[in-house]
Amino acid sequence: MKSSGFLAEQAGHTGAALDAAVEDLEMRKYLLDRRPKESTTHTAKVVMMQAKQTERHNEAEEKEEEAVCVCGGNDDDLEVLRQQRLQELKQQRRQEQEHLAKGHGEYTEIIEQDFLKTVTGSTWVACHFFHKDFERCKILDKHLYEIAPKLLAVKLISLNAEKAAFFVSKLQVKTLPTIVFFKEGVAVDRMIGFDDIGGVDEFPTSRLVERIHRAVTGTEEE
């Protein structure tokens with residue numbers, strides 16, 4: 001079993017591979033459309049995560065109000081500050097709920113047919129191009145599953161490179177694993193292999209979080 005690897009050149013076979021992939025994806029879509037339980041399960045997960053987020057924000061609002069109450073100073077000024085802070089918390093809650101509705105908070109595998117819709121559907125998307133037999137891809141999967149619920153601002157997805165010949169060629173993905181970062185549908189950064197996170201198989205999840213943060217903000221996480 002390989003830990004990682006290079007993709008074979010496919011330029012001369014892209015058209016034929018894409019035609020075959022489209023047929024396969026259409027069949028997959030047909031089968032998926034006949035499985036309403038999956039949609040129900042996803043909806044249930046979103047509702048549960050929204051409930052947890054609401055509970056967390058309610059606690060934050062209560063603490064904010066308590067903090068304002070114990071502070072001295074002019075009552076009118078404190079009320080203005082309190083209202084401003086509560087509005088910020090409510091805006092943050094709305095944004096997180098929108099993210100959850102779009103599938104943020106979960107690390108999911110998509111098919112090539114859904115690729116464009118997915119990477120253009122959120123402001124930030126990180127796509128892991130993987131090979132099912134590469135050990136390093138499996139290692140990366142483990143960390144991304146752990147990160148997803150804690151990183152709502154970025155939608156985390158994976159795509160089987162063997163079944164996505166068109167986009168592998170279009171994005172010039174040569175080495176697996178590779179994570180491509182998209183902002184509003186445009187590829188803006190990528191992590192190739194493990195070089196950016198220490199170059200070894202054993203690395204803390206926080207190091208990958210830092211790499212994602214750098215891709216999104218352009219700076220190291222403090």
# chains A, B, ... in the order shown; residues from 1 in each chain; ligands from 1

$ residues_around --residues "range 96-111 of chain A" --least-positions-apart "2" --cutoff "8 Å" --atoms "only C-alpha atoms" --output "PyMOL selection string"
chain A and resi 25+46+49-50+53+92-94+113-115+121-122+144-145+148-160+163-164

$ select_by_dssp --residues "range 108-165 of chain A" --states "helix (DSSP H, G or I)" --output "mmCIF file with C-alpha atoms, in the first residue's frame"
data_model
loop_
_atom_site.group_PDB
_atom_site.id
_atom_site.type_symbol
_atom_site.label_atom_id
_atom_site.label_comp_id
_atom_site.auth_asym_id
_atom_site.auth_seq_id
_atom_site.Cartn_x
_atom_site.Cartn_y
_atom_site.Cartn_z
ATOM 1 C CA GLU A 112 -17.204 15.008 -9.643
ATOM 2 C CA GLN A 113 -20.639 16.011 -10.864
ATOM 3 C CA ASP A 114 -21.177 18.060 -7.671
ATOM 4 C CA PHE A 115 -17.723 19.640 -7.615
ATOM 5 C CA LEU A 116 -18.460 23.033 -9.202
ATOM 6 C CA LYS A 117 -21.710 23.462 -7.297
ATOM 7 C CA THR A 118 -19.929 22.703 -4.026
ATOM 8 C CA VAL A 119 -16.840 24.895 -4.411
ATOM 9 C CA GLU A 135 -1.996 5.759 3.432
ATOM 10 C CA ARG A 136 -1.288 9.467 3.751
ATOM 11 C CA CYS A 137 -4.702 10.244 2.283
ATOM 12 C CA LYS A 138 -6.264 8.140 5.031
ATOM 13 C CA ILE A 139 -4.192 9.953 7.659
ATOM 14 C CA LEU A 140 -5.378 13.294 6.309
ATOM 15 C CA ASP A 141 -8.983 12.060 6.337
ATOM 16 C CA LYS A 142 -8.717 11.268 10.044
ATOM 17 C CA HIS A 143 -7.562 14.779 10.896
ATOM 18 C CA LEU A 144 -10.120 16.486 8.629
ATOM 19 C CA TYR A 145 -12.966 14.537 10.240
ATOM 20 C CA GLU A 146 -11.784 15.839 13.611
ATOM 21 C CA ILE A 147 -11.389 19.423 12.411
ATOM 22 C CA ALA A 148 -14.686 19.835 10.533
ATOM 23 C CA PRO A 149 -17.092 20.400 13.480
ATOM 24 C CA LYS A 150 -14.752 23.023 14.945
ATOM 25 C CA ALA A 161 -8.893 11.683 -7.849
ATOM 26 C CA GLU A 162 -9.342 8.446 -9.821
ATOM 27 C CA LYS A 163 -12.965 9.365 -10.491
ATOM 28 C CA ALA A 165 -10.127 13.049 -14.229
#

$ closest_residue --among "A:Met191, A:Leu208, A:Leu86, A:Val80" --to "Phe129 in chain A" --atoms "only C-alpha atoms"
A:Met191

$ residues_around --residues "Gly5 in chain A" --least-positions-apart "6" --cutoff "8 Å" --atoms "only C-alpha atoms" --output "mmCIF file with N, CA, C and O atoms, in the first residue's frame"
data_model
loop_
_atom_site.group_PDB
_atom_site.id
_atom_site.type_symbol
_atom_site.label_atom_id
_atom_site.label_comp_id
_atom_site.auth_asym_id
_atom_site.auth_seq_id
_atom_site.Cartn_x
_atom_site.Cartn_y
_atom_site.Cartn_z
ATOM 1 N N PHE A 134 -3.828 5.201 -0.834
ATOM 2 C CA PHE A 134 -2.675 5.922 -0.304
ATOM 3 C C PHE A 134 -2.853 6.152 1.195
ATOM 4 O O PHE A 134 -3.831 6.771 1.629
ATOM 5 N N THR A 175 0.233 15.276 -7.321
ATOM 6 C CA THR A 175 0.655 14.489 -6.163
ATOM 7 C C THR A 175 -0.510 14.347 -5.194
ATOM 8 O O THR A 175 -1.266 15.300 -4.976
ATOM 9 N N LEU A 176 -0.640 13.164 -4.612
ATOM 10 C CA LEU A 176 -1.682 12.930 -3.618
ATOM 11 C C LEU A 176 -1.045 12.521 -2.286
ATOM 12 O O LEU A 176 -0.067 11.780 -2.282
ATOM 13 N N PRO A 177 -1.592 13.017 -1.169
ATOM 14 C CA PRO A 177 -2.762 13.899 -1.103
ATOM 15 C C PRO A 177 -2.434 15.347 -1.439
ATOM 16 O O PRO A 177 -1.324 15.803 -1.231
#

$ closest_residue --among "A:His128, A:Ser4, A:Val168, A:Thr120" --to "Asp201 in chain A" --atoms "only C-alpha atoms"
A:Ser4

$ select_by_dssp --residues "range 94-152 of chain A" --states "strand (DSSP E or B)" --output "list in words"
Tyr107, Thr108, Glu109, Ile110, Trp124, Val125, Ala126, Cys127, His128, Phe129 and Phe130 of chain A

$ atom_distance --atom1 "CA of Arg211 in chain A" --atom2 "CA of Asp196 in chain A"
7.2 Å

$ atom_distance --atom1 "CA of Glu88 in chain A" --atom2 "CA of Asp75 in chain A"
19.9 Å
